[in-house]
Amino acid sequence: MRILVAEDERDLNRLICRTLERAGYSVDACFDGEEALDYLLGAEYDCLLLDIMMPKKDGHAVLRWVREKGSAVPVIFLTARDSVQDRIEGLDLGADDYLVKPFDFDELLARIRAATRKYGTQKTSVLQLADLTVDTASHTVTRAGQEIRLSAKEYAILQYLMQHQGAVVSRAQLEDHVWNYDYAGGSNVVDVYITYLRRKIDNGFDKKLLHTVRGAGWILKEET
C-alpha cells in the first residue's frame, strides 16, 4: 500500500518513513499542509498520516479538503495534543484514528492495518487464495504450508494482487500503489518484480496462480 506521511518534525518524519518502508509500504513524505495537498492532487493513497500542527495548512485543514473531495481514504492524526476535546474535534472532522506523540511504532503499524481494513473488503489480517496465504499482520507468506520469503517490494505487489484477486491489475495500478514519487516509471522494473514473484509462488506447484493478461496487466486467480 501507498501511504502519505505529513509531519513537520523532520527526525520523526524520517523515522516513521523508515518504519513503514521496512514494513513493506510505499511512502511519500512531506513537511507542511500545502505540500500534502500537492501530493494528494497527484497520487492515490491507501492511508494518510497527518500531523495536526503543521505549517501553512494544519492537519485539520488538509482533512477538510480530503473529505470535501469525497475521499474516504483512512486518515490517522499524529499529534502532541491529547485533550479529549482535541480528539473529538479531529474525529468529528472525519479522522479514523488519533495517535498521541510519543507513540510506539508497532502500535502505529497496527493502527494503519486496522484503519485500512475498515474501508476495504479485507476484514481480517489473512488473505487466502487456494493454498496461498498472506498474513498482513506478520507479513508472512505460505503456500501449501511452506513459508515463502519475499523482498519488501515482492510482498507489496503480492498483497495488492491478493487484495484484488480475480481482477486484472495494470502496470499503472502497481506503480501507483507499490512505488512512490521517486519511481520514474517507463522501465521494465515492474515486469522484473513480477517475474521474481511468479518464480517464488508458482515454481514447483502444479496449479499456477499468477497469470499475465497480455496488453492489460496481471491477475491472481486459481486455475479451473
# chains A, B, ... in the order shown; residues from 1 in each chain; ligands from 1
call {"tool": "select_by_dssp", "arguments": {"residues": "region 5-142 of chain A", "states": "helix (DSSP H, G or I)", "output": "PyMOL selection string"}}
result
chain A and resi 10-22+33-42+59-68+84-93+105-119
call {"tool": "write_last_selection", "arguments": {"atoms": "C-alpha atoms", "output": "JSON list (two decimals), in the first residue's frame"}}
result
[["chain", "number", "residue", "atom", "x", "y", "z"],
["A", 10, "ARG", "CA", 11.85, 16.03, 10.26],
["A", 11, "ASP", "CA", 13.53, 13.48, 12.52],
["A", 12, "LEU", "CA", 10.18, 11.92, 13.40],
["A", 13, "ASN", "CA", 9.10, 12.03, 9.76],
["A", 14, "ARG", "CA", 12.24, 10.17, 8.76],
["A", 15, "LEU", "CA", 11.75, 7.53, 11.49],
["A", 16, "ILE", "CA", 8.12, 6.97, 10.51],
["A", 17, "CYS", "CA", 9.01, 6.60, 6.84],
["A", 18, "ARG", "CA", 11.82, 4.18, 7.62],
["A", 19, "THR", "CA", 9.49, 2.08, 9.79],
["A", 20, "LEU", "CA", 6.79, 1.98, 7.11],
["A", 21, "GLU", "CA", 9.25, 1.09, 4.36],
["A", 22, "ARG", "CA", 10.67, -1.76, 6.45],
["A", 33, "GLY", "CA", -0.06, 21.07, 4.76],
["A", 34, "GLU", "CA", 0.26, 22.77, 1.39],
["A", 35, "GLU", "CA", 2.83, 20.23, 0.26],
["A", 36, "ALA", "CA", 0.48, 17.46, 1.45],
["A", 37, "LEU", "CA", -2.29, 18.83, -0.81],
["A", 38, "ASP", "CA", 0.13, 18.84, -3.76],
["A", 39, "TYR", "CA", 0.88, 15.17, -3.17],
["A", 40, "LEU", "CA", -2.82, 14.35, -2.81],
["A", 41, "LEU", "CA", -3.58, 16.01, -6.14],
["A", 42, "GLY", "CA", -1.02, 13.83, -7.89],
["A", 59, "GLY", "CA", -3.87, 18.70, 9.60],
["A", 60, "HIS", "CA", -7.47, 19.72, 10.17],
["A", 61, "ALA", "CA", -7.46, 21.86, 7.01],
["A", 62, "VAL", "CA", -5.95, 19.02, 4.98],
["A", 63, "LEU", "CA", -8.56, 16.58, 6.28],
["A", 64, "ARG", "CA", -11.41, 19.00, 5.48],
["A", 65, "TRP", "CA", -10.11, 19.25, 1.90],
["A", 66, "VAL", "CA", -9.86, 15.45, 1.61],
["A", 67, "ARG", "CA", -13.41, 14.86, 2.83],
["A", 68, "GLU", "CA", -14.85, 17.71, 0.75],
["A", 84, "VAL", "CA", -10.46, 14.91, 24.94],
["A", 85, "GLN", "CA", -11.73, 17.98, 23.08],
["A", 86, "ASP", "CA", -8.85, 17.79, 20.60],
["A", 87, "ARG", "CA", -9.67, 14.16, 19.91],
["A", 88, "ILE", "CA", -13.35, 14.87, 19.49],
["A", 89, "GLU", "CA", -12.62, 17.70, 17.03],
["A", 90, "GLY", "CA", -10.38, 15.52, 14.87],
["A", 91, "LEU", "CA", -12.79, 12.58, 14.84],
["A", 92, "ASP", "CA", -15.76, 14.84, 14.06],
["A", 93, "LEU", "CA", -13.88, 16.19, 11.05],
["A", 105, "PHE", "CA", 5.85, 2.29, 16.09],
["A", 106, "ASP", "CA", 4.37, -1.19, 16.42],
["A", 107, "GLU", "CA", 1.15, 0.43, 17.59],
["A", 108, "LEU", "CA", 1.26, 2.80, 14.60],
["A", 109, "LEU", "CA", 1.53, -0.17, 12.22],
["A", 110, "ALA", "CA", -1.38, -1.90, 13.96],
["A", 111, "ARG", "CA", -3.50, 1.27, 13.70],
["A", 112, "ILE", "CA", -2.73, 1.51, 9.98],
["A", 113, "ARG", "CA", -3.76, -2.11, 9.43],
["A", 114, "ALA", "CA", -7.00, -1.55, 11.35],
["A", 115, "ALA", "CA", -7.83, 1.69, 9.52],
["A", 116, "THR", "CA", -7.21, 0.24, 6.06],
["A", 117, "ARG", "CA", -9.26, -2.89, 6.82],
["A", 118, "LYS", "CA", -12.15, -0.67, 7.82],
["A", 119, "TYR", "CA", -12.56, 0.69, 4.29]]
call {"tool": "residues_around", "arguments": {"residues": "region 203-210 of chain A", "least_positions_apart": "4", "cutoff": "10 Å", "atoms": "only C-alpha atoms", "output": "ChimeraX atom specification"}}
result
/A:129-132,143-144,158,161,165,194-195,197-199,218-224
call {"tool": "atom_distance", "arguments": {"atom1": "CA of Thr140 (chain A)", "atom2": "CA of Ser125 (chain A)"}}
result
10.7 Å
call {"tool": "select_by_dssp", "arguments": {"residues": "region 131-174 of chain A", "states": "strand (DSSP E)", "output": "number ranges by chain"}}
result
A: 132-135, 140-143, 146-148
call {"tool": "atom_distance", "arguments": {"atom1": "CA of Ala137 (chain A)", "atom2": "CA of Tyr155 (chain A)"}}
result
12.4 Å
call {"tool": "residues_around", "arguments": {"residues": "Pro102 (chain A)", "least_positions_apart": "4", "cutoff": "10 Å", "atoms": "only C-alpha atoms", "output": "PyMOL selection string"}}
result
chain A and resi 12+78-80
call {"tool": "write_last_selection", "arguments": {"atoms": "N, CA and C atoms", "output": "PDB file, in the first residue's frame"}}
result
ATOM      1  N   LEU A  12      11.290  12.842  13.230  1.00  0.00           N
ATOM      2  CA  LEU A  12      10.176  11.915  13.397  1.00  0.00           C
ATOM      3  C   LEU A  12       9.647  11.453  12.045  1.00  0.00           C
ATOM      4  N   LEU A  78      -1.483  12.347  13.876  1.00  0.00           N
ATOM      5  CA  LEU A  78      -0.337  12.214  14.766  1.00  0.00           C
ATOM      6  C   LEU A  78      -0.145  13.566  15.445  1.00  0.00           C
ATOM      7  N   THR A  79      -0.225  13.617  16.770  1.00  0.00           N
ATOM      8  CA  THR A  79      -0.196  14.916  17.427  1.00  0.00           C
ATOM      9  C   THR A  79       0.230  14.810  18.880  1.00  0.00           C
ATOM     10  N   ALA A  80       0.744  15.917  19.394  1.00  0.00           N
ATOM     11  CA  ALA A  80       1.075  16.004  20.822  1.00  0.00           C
ATOM     12  C   ALA A  80      -0.109  16.504  21.630  1.00  0.00           C
TER      13      ALA A  80
END
call {"tool": "residues_around", "arguments": {"residues": "Asp191 (chain A)", "least_positions_apart": "3", "cutoff": "12 Å", "atoms": "only C-alpha atoms", "output": "PyMOL selection string"}}
result
chain A and resi 154+157+170-172+174-175+185-188+194-198+212+217-218
call {"tool": "atom_distance", "arguments": {"atom1": "CA of Glu7 (chain A)", "atom2": "CA of Pro55 (chain A)"}}
result
9.6 Å
call {"tool": "closest_residue", "arguments": {"among": "A:Val100, A:Arg2, A:Ile76, A:Val213", "to": "Ala43 (chain A)", "atoms": "only C-alpha atoms"}}
result
A:Arg2
call {"tool": "residues_around", "arguments": {"residues": "His139 (chain A)", "least_positions_apart": "6", "cutoff": "10 Å", "atoms": "only C-alpha atoms", "output": "list in words"}}
result
Ala23, Gly24, Ser125, Val126, Arg149, Leu150, Ala152, Tyr155, Ala156 and Gln159 of chain A
